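Undergrad: File target-v5.txt follows (compact mmCIF, N, CA, C and O atoms):
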```txt
# COMPACT_ATOMS: atom_id res chain seq x y z
N MET A 1 97.54 131.17 104.02
CA MET A 1 98.39 130.42 103.12
C MET A 1 97.51 129.81 102.03
O MET A 1 96.41 129.35 102.28
N LYS A 2 98.05 129.79 100.82
CA LYS A 2 97.35 129.18 99.70
C LYS A 2 97.87 127.76 99.49
O LYS A 2 99.07 127.51 99.58
N ALA A 3 96.95 126.85 99.23
CA ALA A 3 97.31 125.47 98.90
C ALA A 3 96.57 125.08 97.62
O ALA A 3 95.39 125.35 97.48
N THR A 4 97.32 124.49 96.70
CA THR A 4 96.73 123.98 95.47
C THR A 4 96.74 122.47 95.54
O THR A 4 97.77 121.86 95.82
N ILE A 5 95.58 121.88 95.31
CA ILE A 5 95.48 120.42 95.30
C ILE A 5 95.16 119.98 93.87
O ILE A 5 94.22 120.47 93.25
N TRP A 6 95.97 119.07 93.36
CA TRP A 6 95.73 118.43 92.07
C TRP A 6 94.87 117.23 92.41
O TRP A 6 95.36 116.23 92.93
N HIS A 7 93.59 117.36 92.16
CA HIS A 7 92.55 116.55 92.78
C HIS A 7 91.76 115.71 91.78
O HIS A 7 91.52 116.14 90.66
N ASN A 8 91.39 114.50 92.22
CA ASN A 8 90.44 113.66 91.49
C ASN A 8 89.31 113.37 92.47
O ASN A 8 89.50 112.62 93.43
N PRO A 9 88.12 113.96 92.26
CA PRO A 9 87.04 113.79 93.22
C PRO A 9 86.55 112.34 93.36
O PRO A 9 85.89 112.01 94.33
N ARG A 10 86.90 111.47 92.43
CA ARG A 10 86.49 110.06 92.53
C ARG A 10 87.44 109.24 93.40
O ARG A 10 87.16 108.08 93.70
N CYS A 11 88.55 109.83 93.81
CA CYS A 11 89.58 109.12 94.60
C CYS A 11 89.40 109.41 96.09
O CYS A 11 89.40 110.57 96.51
N SER A 12 89.28 108.36 96.89
CA SER A 12 89.07 108.55 98.33
C SER A 12 90.26 109.24 98.99
O SER A 12 90.07 110.08 99.88
N LYS A 13 91.47 108.91 98.60
CA LYS A 13 92.66 109.54 99.20
C LYS A 13 92.71 111.02 98.84
O LYS A 13 93.09 111.86 99.67
N SER A 14 92.33 111.34 97.63
CA SER A 14 92.29 112.74 97.21
C SER A 14 91.22 113.50 97.99
O SER A 14 91.44 114.63 98.43
N ARG A 15 90.07 112.89 98.19
CA ARG A 15 89.01 113.52 98.98
C ARG A 15 89.46 113.71 100.43
O ARG A 15 89.16 114.72 101.06
N GLU A 16 90.19 112.74 100.98
CA GLU A 16 90.71 112.86 102.35
C GLU A 16 91.70 114.01 102.45
O GLU A 16 91.68 114.77 103.42
N ALA A 17 92.57 114.15 101.46
CA ALA A 17 93.53 115.25 101.45
C ALA A 17 92.81 116.59 101.38
O ALA A 17 93.16 117.54 102.09
N LEU A 18 91.79 116.67 100.54
CA LEU A 18 91.01 117.90 100.44
C LEU A 18 90.32 118.22 101.75
O LEU A 18 90.27 119.38 102.17
N ALA A 19 89.81 117.21 102.44
CA ALA A 19 89.16 117.43 103.75
C ALA A 19 90.16 117.98 104.76
O ALA A 19 89.82 118.87 105.56
N ILE A 20 91.39 117.49 104.72
CA ILE A 20 92.43 118.02 105.62
C ILE A 20 92.66 119.49 105.32
O ILE A 20 92.74 120.33 106.22
N LEU A 21 92.79 119.82 104.03
CA LEU A 21 93.01 121.22 103.65
C LEU A 21 91.84 122.10 104.09
O LEU A 21 92.05 123.16 104.68
N ASN A 22 90.62 121.65 103.80
CA ASN A 22 89.44 122.44 104.16
C ASN A 22 89.26 122.56 105.67
O ASN A 22 88.68 123.53 106.14
N GLY A 23 89.78 121.62 106.43
CA GLY A 23 89.66 121.64 107.88
C GLY A 23 90.80 122.36 108.59
O GLY A 23 90.82 122.42 109.81
N THR A 24 91.73 122.91 107.83
CA THR A 24 92.86 123.61 108.41
C THR A 24 92.62 125.12 108.34
O THR A 24 92.50 125.67 107.25
N PRO A 25 92.52 125.77 109.50
CA PRO A 25 92.27 127.22 109.51
C PRO A 25 93.37 127.99 108.77
O PRO A 25 94.55 127.64 108.84
N GLY A 26 92.96 129.02 108.06
CA GLY A 26 93.92 129.90 107.40
C GLY A 26 94.41 129.41 106.05
O GLY A 26 95.29 130.02 105.45
N ILE A 27 93.85 128.32 105.55
CA ILE A 27 94.27 127.78 104.26
C ILE A 27 93.25 128.17 103.19
O ILE A 27 92.06 127.89 103.33
N GLU A 28 93.73 128.81 102.15
CA GLU A 28 92.90 129.12 100.98
C GLU A 28 93.19 128.03 99.95
O GLU A 28 94.32 127.88 99.50
N VAL A 29 92.19 127.24 99.63
CA VAL A 29 92.37 126.05 98.79
C VAL A 29 91.98 126.33 97.34
O VAL A 29 90.87 126.80 97.07
N GLU A 30 92.90 126.04 96.43
CA GLU A 30 92.61 126.04 95.01
C GLU A 30 92.54 124.58 94.57
O GLU A 30 93.50 123.82 94.78
N ILE A 31 91.44 124.19 93.99
CA ILE A 31 91.24 122.82 93.53
C ILE A 31 91.42 122.76 92.03
O ILE A 31 90.73 123.48 91.30
N VAL A 32 92.33 121.92 91.59
CA VAL A 32 92.52 121.69 90.16
C VAL A 32 92.17 120.23 89.89
O VAL A 32 92.86 119.33 90.37
N GLU A 33 91.07 120.01 89.19
CA GLU A 33 90.71 118.65 88.81
C GLU A 33 91.59 118.28 87.62
O GLU A 33 91.29 118.63 86.48
N TYR A 34 92.68 117.59 87.91
CA TYR A 34 93.72 117.39 86.91
C TYR A 34 93.30 116.50 85.73
O TYR A 34 93.94 116.52 84.70
N LEU A 35 92.22 115.74 85.88
CA LEU A 35 91.74 114.97 84.73
C LEU A 35 91.05 115.89 83.72
O LEU A 35 91.05 115.60 82.53
N LYS A 36 90.47 116.98 84.20
CA LYS A 36 89.83 117.97 83.33
C LYS A 36 90.82 119.04 82.88
O LYS A 36 90.72 119.55 81.77
N THR A 37 91.73 119.41 83.77
CA THR A 37 92.73 120.45 83.50
C THR A 37 94.10 119.89 83.89
O THR A 37 94.60 120.15 84.98
N PRO A 38 94.70 119.09 83.02
CA PRO A 38 95.98 118.45 83.36
C PRO A 38 97.11 119.48 83.47
O PRO A 38 97.09 120.50 82.79
N PRO A 39 98.07 119.19 84.33
CA PRO A 39 99.24 120.06 84.40
C PRO A 39 100.07 119.92 83.13
O PRO A 39 100.04 118.88 82.47
N THR A 40 100.81 120.96 82.83
CA THR A 40 101.76 120.86 81.72
C THR A 40 102.90 119.95 82.14
O THR A 40 103.09 119.66 83.33
N ARG A 41 103.67 119.53 81.19
CA ARG A 41 104.83 118.69 81.47
C ARG A 41 105.79 119.43 82.41
O ARG A 41 106.33 118.86 83.36
N GLU A 42 105.99 120.71 82.13
CA GLU A 42 106.90 121.53 82.94
C GLU A 42 106.38 121.67 84.38
O GLU A 42 107.16 121.57 85.33
N LYS A 43 105.08 121.88 84.53
CA LYS A 43 104.50 122.01 85.87
C LYS A 43 104.63 120.70 86.63
O LYS A 43 105.00 120.69 87.80
N LEU A 44 104.33 119.60 85.97
CA LEU A 44 104.42 118.30 86.62
C LEU A 44 105.86 118.01 87.05
O LEU A 44 106.10 117.58 88.18
N ALA A 45 106.82 118.29 86.18
CA ALA A 45 108.23 118.09 86.53
C ALA A 45 108.61 118.96 87.72
O ALA A 45 109.33 118.51 88.63
N SER A 46 108.12 120.18 87.74
CA SER A 46 108.41 121.10 88.84
C SER A 46 107.80 120.61 90.15
O SER A 46 108.43 120.67 91.21
N LEU A 47 106.56 120.12 90.09
CA LEU A 47 105.92 119.58 91.30
C LEU A 47 106.73 118.43 91.88
O LEU A 47 106.98 118.39 93.09
N TYR A 48 107.15 117.50 91.03
CA TYR A 48 107.93 116.36 91.52
C TYR A 48 109.28 116.80 92.06
O TYR A 48 109.73 116.29 93.09
N ALA A 49 109.92 117.75 91.40
CA ALA A 49 111.21 118.24 91.88
C ALA A 49 111.05 118.88 93.26
O ALA A 49 111.85 118.62 94.17
N ARG A 50 110.02 119.70 93.43
CA ARG A 50 109.78 120.34 94.74
C ARG A 50 109.42 119.33 95.81
O ARG A 50 109.68 119.54 96.99
N ALA A 51 108.80 118.22 95.41
CA ALA A 51 108.44 117.18 96.37
C ALA A 51 109.62 116.28 96.70
O ALA A 51 109.55 115.47 97.62
N GLY A 52 110.71 116.40 95.92
CA GLY A 52 111.88 115.54 96.14
C GLY A 52 111.63 114.12 95.69
O GLY A 52 112.14 113.17 96.29
N MET A 53 110.83 113.97 94.64
CA MET A 53 110.52 112.64 94.15
C MET A 53 110.70 112.58 92.63
O MET A 53 110.74 113.61 91.97
N THR A 54 110.81 111.39 92.13
CA THR A 54 110.95 111.19 90.69
C THR A 54 109.57 111.02 90.06
O THR A 54 108.61 110.65 90.75
N PRO A 55 109.46 111.24 88.76
CA PRO A 55 108.20 110.97 88.09
C PRO A 55 107.75 109.51 88.29
O PRO A 55 106.55 109.26 88.47
N ARG A 56 108.68 108.58 88.31
CA ARG A 56 108.31 107.18 88.54
C ARG A 56 107.62 107.02 89.90
O ARG A 56 106.66 106.26 90.03
N GLU A 57 108.08 107.75 90.91
CA GLU A 57 107.46 107.68 92.23
C GLU A 57 106.06 108.32 92.23
O GLU A 57 105.25 108.01 93.09
N GLY A 58 105.80 109.18 91.25
CA GLY A 58 104.50 109.82 91.14
C GLY A 58 103.58 109.12 90.17
O GLY A 58 102.49 109.61 89.87
N LEU A 59 104.00 107.98 89.67
CA LEU A 59 103.22 107.22 88.70
C LEU A 59 102.20 106.34 89.42
O LEU A 59 102.54 105.62 90.36
N ARG A 60 100.97 106.42 88.98
CA ARG A 60 99.91 105.61 89.59
C ARG A 60 100.04 104.18 89.09
O ARG A 60 99.70 103.85 87.97
N LYS A 61 100.52 103.31 89.96
CA LYS A 61 100.86 101.93 89.60
C LYS A 61 99.64 101.08 89.26
O LYS A 61 99.75 100.10 88.54
N ALA A 62 98.47 101.44 89.79
CA ALA A 62 97.28 100.60 89.61
C ALA A 62 96.64 100.72 88.22
O ALA A 62 95.74 99.96 87.91
N GLU A 63 97.11 101.66 87.42
CA GLU A 63 96.52 101.86 86.10
C GLU A 63 97.15 100.94 85.06
O GLU A 63 98.36 100.68 85.10
N ASP A 64 96.34 100.46 84.14
CA ASP A 64 96.83 99.57 83.08
C ASP A 64 97.94 100.20 82.25
O ASP A 64 98.87 99.53 81.82
N GLY A 65 97.87 101.51 82.02
CA GLY A 65 98.86 102.21 81.20
C GLY A 65 100.27 102.20 81.75
O GLY A 65 101.22 102.47 81.02
N THR A 66 100.42 101.87 83.03
CA THR A 66 101.77 101.87 83.62
C THR A 66 102.59 100.66 83.20
O THR A 66 103.82 100.71 83.25
N LYS A 67 101.93 99.62 82.76
CA LYS A 67 102.67 98.41 82.38
C LYS A 67 103.65 98.67 81.24
O LYS A 67 104.75 98.11 81.23
N THR A 68 103.28 99.52 80.32
CA THR A 68 104.16 99.82 79.19
C THR A 68 105.33 100.72 79.59
O THR A 68 106.25 100.92 78.80
N LEU A 69 105.31 101.24 80.81
CA LEU A 69 106.35 102.15 81.27
C LEU A 69 107.37 101.48 82.19
O LEU A 69 108.17 102.17 82.82
N ALA A 70 107.37 100.17 82.25
CA ALA A 70 108.24 99.43 83.17
C ALA A 70 109.70 99.84 83.06
O ALA A 70 110.36 100.07 84.06
N GLY A 71 110.23 99.96 81.87
CA GLY A 71 111.64 100.31 81.71
C GLY A 71 111.86 101.74 81.26
O GLY A 71 112.97 102.12 80.89
N ALA A 72 110.81 102.56 81.32
CA ALA A 72 110.88 103.92 80.80
C ALA A 72 111.68 104.84 81.71
O ALA A 72 111.72 104.67 82.92
N ASN A 73 112.29 105.86 81.09
CA ASN A 73 113.00 106.88 81.86
C ASN A 73 112.02 107.96 82.31
O ASN A 73 110.84 107.95 81.93
N ASP A 74 112.50 108.91 83.11
CA ASP A 74 111.63 109.95 83.67
C ASP A 74 110.96 110.78 82.58
O ASP A 74 109.80 111.16 82.71
N ASP A 75 111.68 111.08 81.50
CA ASP A 75 111.10 111.87 80.42
C ASP A 75 109.92 111.16 79.78
O ASP A 75 108.87 111.76 79.53
N ALA A 76 110.06 109.89 79.53
CA ALA A 76 108.98 109.11 78.93
C ALA A 76 107.79 109.01 79.89
O ALA A 76 106.63 109.06 79.45
N ILE A 77 108.07 108.89 81.17
CA ILE A 77 106.99 108.81 82.16
C ILE A 77 106.23 110.13 82.21
O ILE A 77 104.99 110.15 82.21
N LEU A 78 106.94 111.25 82.23
CA LEU A 78 106.28 112.56 82.22
C LEU A 78 105.43 112.72 80.96
O LEU A 78 104.29 113.20 81.03
N ASP A 79 105.97 112.33 79.82
CA ASP A 79 105.21 112.43 78.57
C ASP A 79 103.93 111.60 78.65
O ASP A 79 102.87 112.05 78.22
N ALA A 80 104.03 110.41 79.21
CA ALA A 80 102.86 109.53 79.33
C ALA A 80 101.82 110.14 80.28
O ALA A 80 100.62 110.07 80.02
N MET A 81 102.28 110.75 81.37
CA MET A 81 101.36 111.37 82.33
C MET A 81 100.63 112.55 81.72
O MET A 81 99.43 112.73 81.97
N VAL A 82 101.33 113.32 80.93
CA VAL A 82 100.70 114.47 80.28
C VAL A 82 99.69 113.99 79.24
O VAL A 82 98.59 114.54 79.12
N ALA A 83 100.03 112.94 78.52
CA ALA A 83 99.12 112.38 77.51
C ALA A 83 97.91 111.71 78.14
O ALA A 83 96.81 111.75 77.58
N ASP A 84 98.09 111.11 79.31
CA ASP A 84 97.01 110.38 79.98
C ASP A 84 97.09 110.67 81.48
O ASP A 84 97.70 109.90 82.24
N PRO A 85 96.51 111.79 81.95
CA PRO A 85 96.66 112.22 83.34
C PRO A 85 96.18 111.23 84.40
O PRO A 85 96.55 111.37 85.56
N ILE A 86 95.40 110.22 84.02
CA ILE A 86 94.99 109.22 85.00
C ILE A 86 96.22 108.50 85.58
O ILE A 86 96.16 107.92 86.67
N LEU A 87 97.35 108.59 84.89
CA LEU A 87 98.59 107.95 85.36
C LEU A 87 99.25 108.70 86.51
O LEU A 87 100.19 108.20 87.12
N ILE A 88 98.76 109.90 86.82
CA ILE A 88 99.34 110.71 87.90
C ILE A 88 98.75 110.25 89.23
O ILE A 88 97.53 110.25 89.42
N GLU A 89 99.62 109.87 90.15
CA GLU A 89 99.17 109.48 91.50
C GLU A 89 98.64 110.71 92.20
O GLU A 89 99.17 111.80 92.06
N ARG A 90 97.59 110.54 92.98
CA ARG A 90 96.98 111.66 93.65
C ARG A 90 96.92 111.45 95.14
O ARG A 90 97.02 110.31 95.59
N ALA A 91 96.77 112.47 95.82
CA ALA A 91 96.64 113.86 95.41
C ALA A 91 97.97 114.57 95.63
O ALA A 91 98.64 114.33 96.63
N LEU A 92 98.31 115.43 94.71
CA LEU A 92 99.48 116.30 94.88
C LEU A 92 98.99 117.61 95.48
O LEU A 92 98.00 118.18 95.01
N VAL A 93 99.67 118.08 96.52
CA VAL A 93 99.33 119.34 97.17
C VAL A 93 100.56 120.22 97.18
O VAL A 93 101.66 119.78 97.56
N GLU A 94 100.36 121.47 96.77
CA GLU A 94 101.45 122.44 96.69
C GLU A 94 101.13 123.65 97.56
O GLU A 94 100.03 124.19 97.49
N THR A 95 102.10 124.05 98.39
CA THR A 95 102.02 125.29 99.16
C THR A 95 103.36 125.99 99.02
O THR A 95 104.29 125.46 98.41
N GLU A 96 103.47 127.15 99.63
CA GLU A 96 104.75 127.87 99.61
C GLU A 96 105.84 127.09 100.34
O GLU A 96 107.02 127.33 100.13
N LYS A 97 105.45 126.13 101.18
CA LYS A 97 106.42 125.33 101.94
C LYS A 97 106.89 124.08 101.21
O LYS A 97 107.77 123.39 101.69
N GLY A 98 106.26 123.77 100.05
CA GLY A 98 106.69 122.60 99.31
C GLY A 98 105.53 121.87 98.67
O GLY A 98 104.42 122.38 98.58
N VAL A 99 105.81 120.65 98.23
CA VAL A 99 104.84 119.79 97.57
C VAL A 99 104.89 118.43 98.23
O VAL A 99 105.97 117.92 98.54
N ARG A 100 103.72 117.84 98.44
CA ARG A 100 103.64 116.49 98.97
C ARG A 100 102.62 115.69 98.19
O ARG A 100 101.58 116.21 97.78
N LEU A 101 102.92 114.43 98.03
CA LEU A 101 101.97 113.47 97.50
C LEU A 101 101.18 112.96 98.69
O LEU A 101 101.78 112.49 99.67
N GLY A 102 99.87 113.06 98.63
CA GLY A 102 99.03 112.67 99.76
C GLY A 102 98.80 111.18 99.87
O GLY A 102 97.68 110.71 99.87
N ARG A 103 99.87 110.44 99.97
CA ARG A 103 99.82 108.99 100.18
C ARG A 103 100.72 108.66 101.36
O ARG A 103 101.93 108.55 101.19
N PRO A 104 100.22 108.55 102.55
CA PRO A 104 98.85 108.75 102.97
C PRO A 104 98.49 110.24 103.02
O PRO A 104 99.40 111.10 103.04
N PRO A 105 97.21 110.58 103.05
CA PRO A 105 96.79 111.98 103.01
C PRO A 105 97.40 112.85 104.11
O PRO A 105 97.64 114.03 103.91
N GLU A 106 97.67 112.28 105.26
CA GLU A 106 98.23 113.03 106.39
C GLU A 106 99.59 113.66 106.06
O GLU A 106 100.01 114.61 106.72
N ARG A 107 100.27 113.14 105.05
CA ARG A 107 101.59 113.69 104.68
C ARG A 107 101.50 115.15 104.26
O ARG A 107 102.49 115.88 104.37
N ILE A 108 100.35 115.58 103.80
CA ILE A 108 100.25 116.99 103.35
C ILE A 108 100.38 117.97 104.51
O ILE A 108 100.73 119.12 104.31
N ARG A 109 100.14 117.48 105.75
CA ARG A 109 100.28 118.37 106.92
C ARG A 109 101.71 118.89 107.04
O ARG A 109 101.93 119.95 107.64
N GLU A 110 102.69 118.19 106.48
CA GLU A 110 104.10 118.61 106.54
C GLU A 110 104.33 119.96 105.88
O GLU A 110 105.32 120.63 106.17
N ILE A 111 103.46 120.34 104.95
CA ILE A 111 103.66 121.60 104.22
C ILE A 111 102.58 122.64 104.54
O ILE A 111 102.46 123.64 103.83
N LEU A 112 101.82 122.41 105.59
CA LEU A 112 100.79 123.37 105.99
C LEU A 112 101.27 124.26 107.11
O LEU A 112 102.17 123.96 107.82
```
Rewrite the structure of this file - the entire thing - as structure tokens.
TA:
Amino acid sequence: MKATIWHNPRCSKSREALAILNGTPGIEVEIVEYLKTPPTREKLASLYARAGMTPREGLRKAEDGTKTLAGANDDAILDAMVADPILIERALVETEKGVRLGRPPERIREIL
């Protein structure tokens, strides 16, 4: 099975999610460092739709840039995430079984 992780190597939760993937037999891992190679708006919207979550739920609340998005709609949030990918909560993991936000990292086991 192939798994794609939208990864930030500086994030401990993202590193934990990657360790779970690497420790699971039969998983071929594709690592996308999303700060260097951000997803398109369409890809990000698709990931959230497959995860059953809204862009607001995928917004990294700890970043200063989120304060200006308090009353924003999903379209504005997606636009902000594409413009500044640090606003994307990590790690997002995608497999043929679905997409999960690795908060906590163990949640990704649901799609392995």
Undergrad: Rounded to one decimal, what separation in Å do you get between atom CA of Arg100 of chain A and atom CA of Ala3 of chain A?
TA: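 If I compute the distance from atom CA of Arg100 of chain A to atom CA of Ala3 of chain A, I get 11.0 Å.
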Undergrad: Between A:Arg60, A:Leu78, A:Pro25, A:Arg107, single out the one closest to Glu42 of chain A, counting all atoms listed in the file.
TA: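 Residue with the minimum atom-to-atom distance to Glu42 of chain A: A:Leu78.
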Undergrad: What's the 12 Å shell around Gly58 of chain A, counting only C-alpha atoms, without same-chain residues fewer than 2 positions away, as a ChimeraX atom specification?
TA: /A:44-45,47-49,51-56,60-62,66,74,77-78,80-81,85-92,99-103
Undergrad: Could you save the residues just selected, with N, CA, C and O atoms, as a compact mmCIF listing (two decimals), keeping the file's coordinate frame?
TA:
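Output (selection13.txt):
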```
# COMPACT_ATOMS: atom_id res chain seq x y z
N LEU A 44 104.33 119.60 85.97
CA LEU A 44 104.42 118.30 86.62
C LEU A 44 105.86 118.01 87.05
O LEU A 44 106.10 117.58 88.18
N ALA A 45 106.82 118.29 86.18
CA ALA A 45 108.23 118.09 86.53
C ALA A 45 108.61 118.96 87.72
O ALA A 45 109.33 118.51 88.63
N LEU A 47 106.56 120.12 90.09
CA LEU A 47 105.92 119.58 91.30
C LEU A 47 106.73 118.43 91.88
O LEU A 47 106.98 118.39 93.09
N TYR A 48 107.15 117.50 91.03
CA TYR A 48 107.93 116.36 91.52
C TYR A 48 109.28 116.80 92.06
O TYR A 48 109.73 116.29 93.09
N ALA A 49 109.92 117.75 91.40
CA ALA A 49 111.21 118.24 91.88
C ALA A 49 111.05 118.88 93.26
O ALA A 49 111.85 118.62 94.17
N ALA A 51 108.80 118.22 95.41
CA ALA A 51 108.44 117.18 96.37
C ALA A 51 109.62 116.28 96.70
O ALA A 51 109.55 115.47 97.62
N GLY A 52 110.71 116.40 95.92
CA GLY A 52 111.88 115.54 96.14
C GLY A 52 111.63 114.12 95.69
O GLY A 52 112.14 113.17 96.29
N MET A 53 110.83 113.97 94.64
CA MET A 53 110.52 112.64 94.15
C MET A 53 110.70 112.58 92.63
O MET A 53 110.74 113.61 91.97
N THR A 54 110.81 111.39 92.13
CA THR A 54 110.95 111.19 90.69
C THR A 54 109.57 111.02 90.06
O THR A 54 108.61 110.65 90.75
N PRO A 55 109.46 111.24 88.76
CA PRO A 55 108.20 110.97 88.09
C PRO A 55 107.75 109.51 88.29
O PRO A 55 106.55 109.26 88.47
N ARG A 56 108.68 108.58 88.31
CA ARG A 56 108.31 107.18 88.54
C ARG A 56 107.62 107.02 89.90
O ARG A 56 106.66 106.26 90.03
N ARG A 60 100.97 106.42 88.98
CA ARG A 60 99.91 105.61 89.59
C ARG A 60 100.04 104.18 89.09
O ARG A 60 99.70 103.85 87.97
N LYS A 61 100.52 103.31 89.96
CA LYS A 61 100.86 101.93 89.60
C LYS A 61 99.64 101.08 89.26
O LYS A 61 99.75 100.10 88.54
N ALA A 62 98.47 101.44 89.79
CA ALA A 62 97.28 100.60 89.61
C ALA A 62 96.64 100.72 88.22
O ALA A 62 95.74 99.96 87.91
N THR A 66 100.42 101.87 83.03
CA THR A 66 101.77 101.87 83.62
C THR A 66 102.59 100.66 83.20
O THR A 66 103.82 100.71 83.25
N ASP A 74 112.50 108.91 83.11
CA ASP A 74 111.63 109.95 83.67
C ASP A 74 110.96 110.78 82.58
O ASP A 74 109.80 111.16 82.71
N ILE A 77 108.07 108.89 81.17
CA ILE A 77 106.99 108.81 82.16
C ILE A 77 106.23 110.13 82.21
O ILE A 77 104.99 110.15 82.21
N LEU A 78 106.94 111.25 82.23
CA LEU A 78 106.28 112.56 82.22
C LEU A 78 105.43 112.72 80.96
O LEU A 78 104.29 113.20 81.03
N ALA A 80 104.03 110.41 79.21
CA ALA A 80 102.86 109.53 79.33
C ALA A 80 101.82 110.14 80.28
O ALA A 80 100.62 110.07 80.02
N MET A 81 102.28 110.75 81.37
CA MET A 81 101.36 111.37 82.33
C MET A 81 100.63 112.55 81.72
O MET A 81 99.43 112.73 81.97
N PRO A 85 96.51 111.79 81.95
CA PRO A 85 96.66 112.22 83.34
C PRO A 85 96.18 111.23 84.40
O PRO A 85 96.55 111.37 85.56
N ILE A 86 95.40 110.22 84.02
CA ILE A 86 94.99 109.22 85.00
C ILE A 86 96.22 108.50 85.58
O ILE A 86 96.16 107.92 86.67
N LEU A 87 97.35 108.59 84.89
CA LEU A 87 98.59 107.95 85.36
C LEU A 87 99.25 108.70 86.51
O LEU A 87 100.19 108.20 87.12
N ILE A 88 98.76 109.90 86.82
CA ILE A 88 99.34 110.71 87.90
C ILE A 88 98.75 110.25 89.23
O ILE A 88 97.53 110.25 89.42
N GLU A 89 99.62 109.87 90.15
CA GLU A 89 99.17 109.48 91.50
C GLU A 89 98.64 110.71 92.20
O GLU A 89 99.17 111.80 92.06
N ARG A 90 97.59 110.54 92.98
CA ARG A 90 96.98 111.66 93.65
C ARG A 90 96.92 111.45 95.14
O ARG A 90 97.02 110.31 95.59
N ALA A 91 96.77 112.47 95.82
CA ALA A 91 96.64 113.86 95.41
C ALA A 91 97.97 114.57 95.63
O ALA A 91 98.64 114.33 96.63
N LEU A 92 98.31 115.43 94.71
CA LEU A 92 99.48 116.30 94.88
C LEU A 92 98.99 117.61 95.48
O LEU A 92 98.00 118.18 95.01
N VAL A 99 105.81 120.65 98.23
CA VAL A 99 104.84 119.79 97.57
C VAL A 99 104.89 118.43 98.23
O VAL A 99 105.97 117.92 98.54
N ARG A 100 103.72 117.84 98.44
CA ARG A 100 103.64 116.49 98.97
C ARG A 100 102.62 115.69 98.19
O ARG A 100 101.58 116.21 97.78
N LEU A 101 102.92 114.43 98.03
CA LEU A 101 101.97 113.47 97.50
C LEU A 101 101.18 112.96 98.69
O LEU A 101 101.78 112.49 99.67
N GLY A 102 99.87 113.06 98.63
CA GLY A 102 99.03 112.67 99.76
C GLY A 102 98.80 111.18 99.87
O GLY A 102 97.68 110.71 99.87
N ARG A 103 99.87 110.44 99.97
CA ARG A 103 99.82 108.99 100.18
C ARG A 103 100.72 108.66 101.36
O ARG A 103 101.93 108.55 101.19
```
Undergrad: So which residues of chain A fall under alpha helix (DSSP H) by DSSP, listed as JSON, numbers by chain?
TA: {"A": [12, 13, 14, 15, 16, 17, 18, 19, 20, 21, 22, 41, 42, 43, 44, 45, 46, 47, 48, 49, 50, 51, 74, 75, 76, 77, 78, 79, 80, 81, 82, 83]}
Undergrad: Once you add 4 Å to each side, what are the centre and edge lengths of the axis-aligned box holding all listed atoms of segment 67-75 of chain A? One decimal in Å, as lines of an AutoDock Vina configuration file, if you can.
TA:
```
center_x = 107.5
center_y = 105.0
center_z = 81.4
size_x = 19.1
size_y = 21.8
size_z = 13.3
```
Undergrad: Out of A:Ile111, A:His7, A:Asn73, A:Lys97, which residue has the shortest atom-to-atom distance to Lys36 of chain A when counting all atoms listed in the file?
TA: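 The closest residue to Lys36 of chain A is A:His7.
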Undergrad: Give the strand (DSSP E) residues of chain A, as DSSP finds them on the backbone, and put them as a list of chain:residue names.
TA: A:Lys2, A:Ala3, A:Thr4, A:Ile5, A:Trp6, A:His7, A:Glu28, A:Val29, A:Glu30, A:Ile31, A:Val32, A:Glu33, A:Leu92, A:Val93, A:Glu94, A:Thr95, A:Gly98, A:Val99, A:Arg100, A:Leu101
Undergrad: Of the residues A:Pro39, A:Glu110, A:Pro104, A:Ile27, which is the one nearest to Val82 of chain A, using only N, CA, C and O atoms?
TA: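 Of A:Pro39, A:Glu110, A:Pro104, A:Ile27, the one nearest Val82 of chain A is A:Pro39, counting only N, CA, C and O atoms.
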Undergrad: Applying 9 Å and only C-alpha atoms, which residues near Ile5 of chain A remain after dropping the ones on its own chain fewer than 3 positions away? List them as a list of chain:residue names.
TA: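 The neighbour list is A:Ser14, A:Ala17, A:Leu18, A:Leu21, A:Val29, A:Glu30, A:Ile31, A:Val32, A:Glu33, A:Ala91, A:Leu92, A:Val93, A:Glu94.
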Undergrad: Which distance in Å separates atom O of Thr24 of chain A and atom O of Met1 of chain A, to one decimal?
TA: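 Computing it gives 7.3 Å between the two atoms.
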Undergrad: To one decimal place in Å, what is the distance between atom C of Tyr34 of chain A and atom O of Lys13 of chain A?
TA: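 Separation between atom C of Tyr34 of chain A and atom O of Lys13 of chain A: 14.7 Å.
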Undergrad: Measuring atom to atom with only C-alpha atoms, identify which of A:Thr95, A:Thr68, A:Pro9, A:Asp84 is nearest to Ile108 of chain A.
TA: A:Thr95
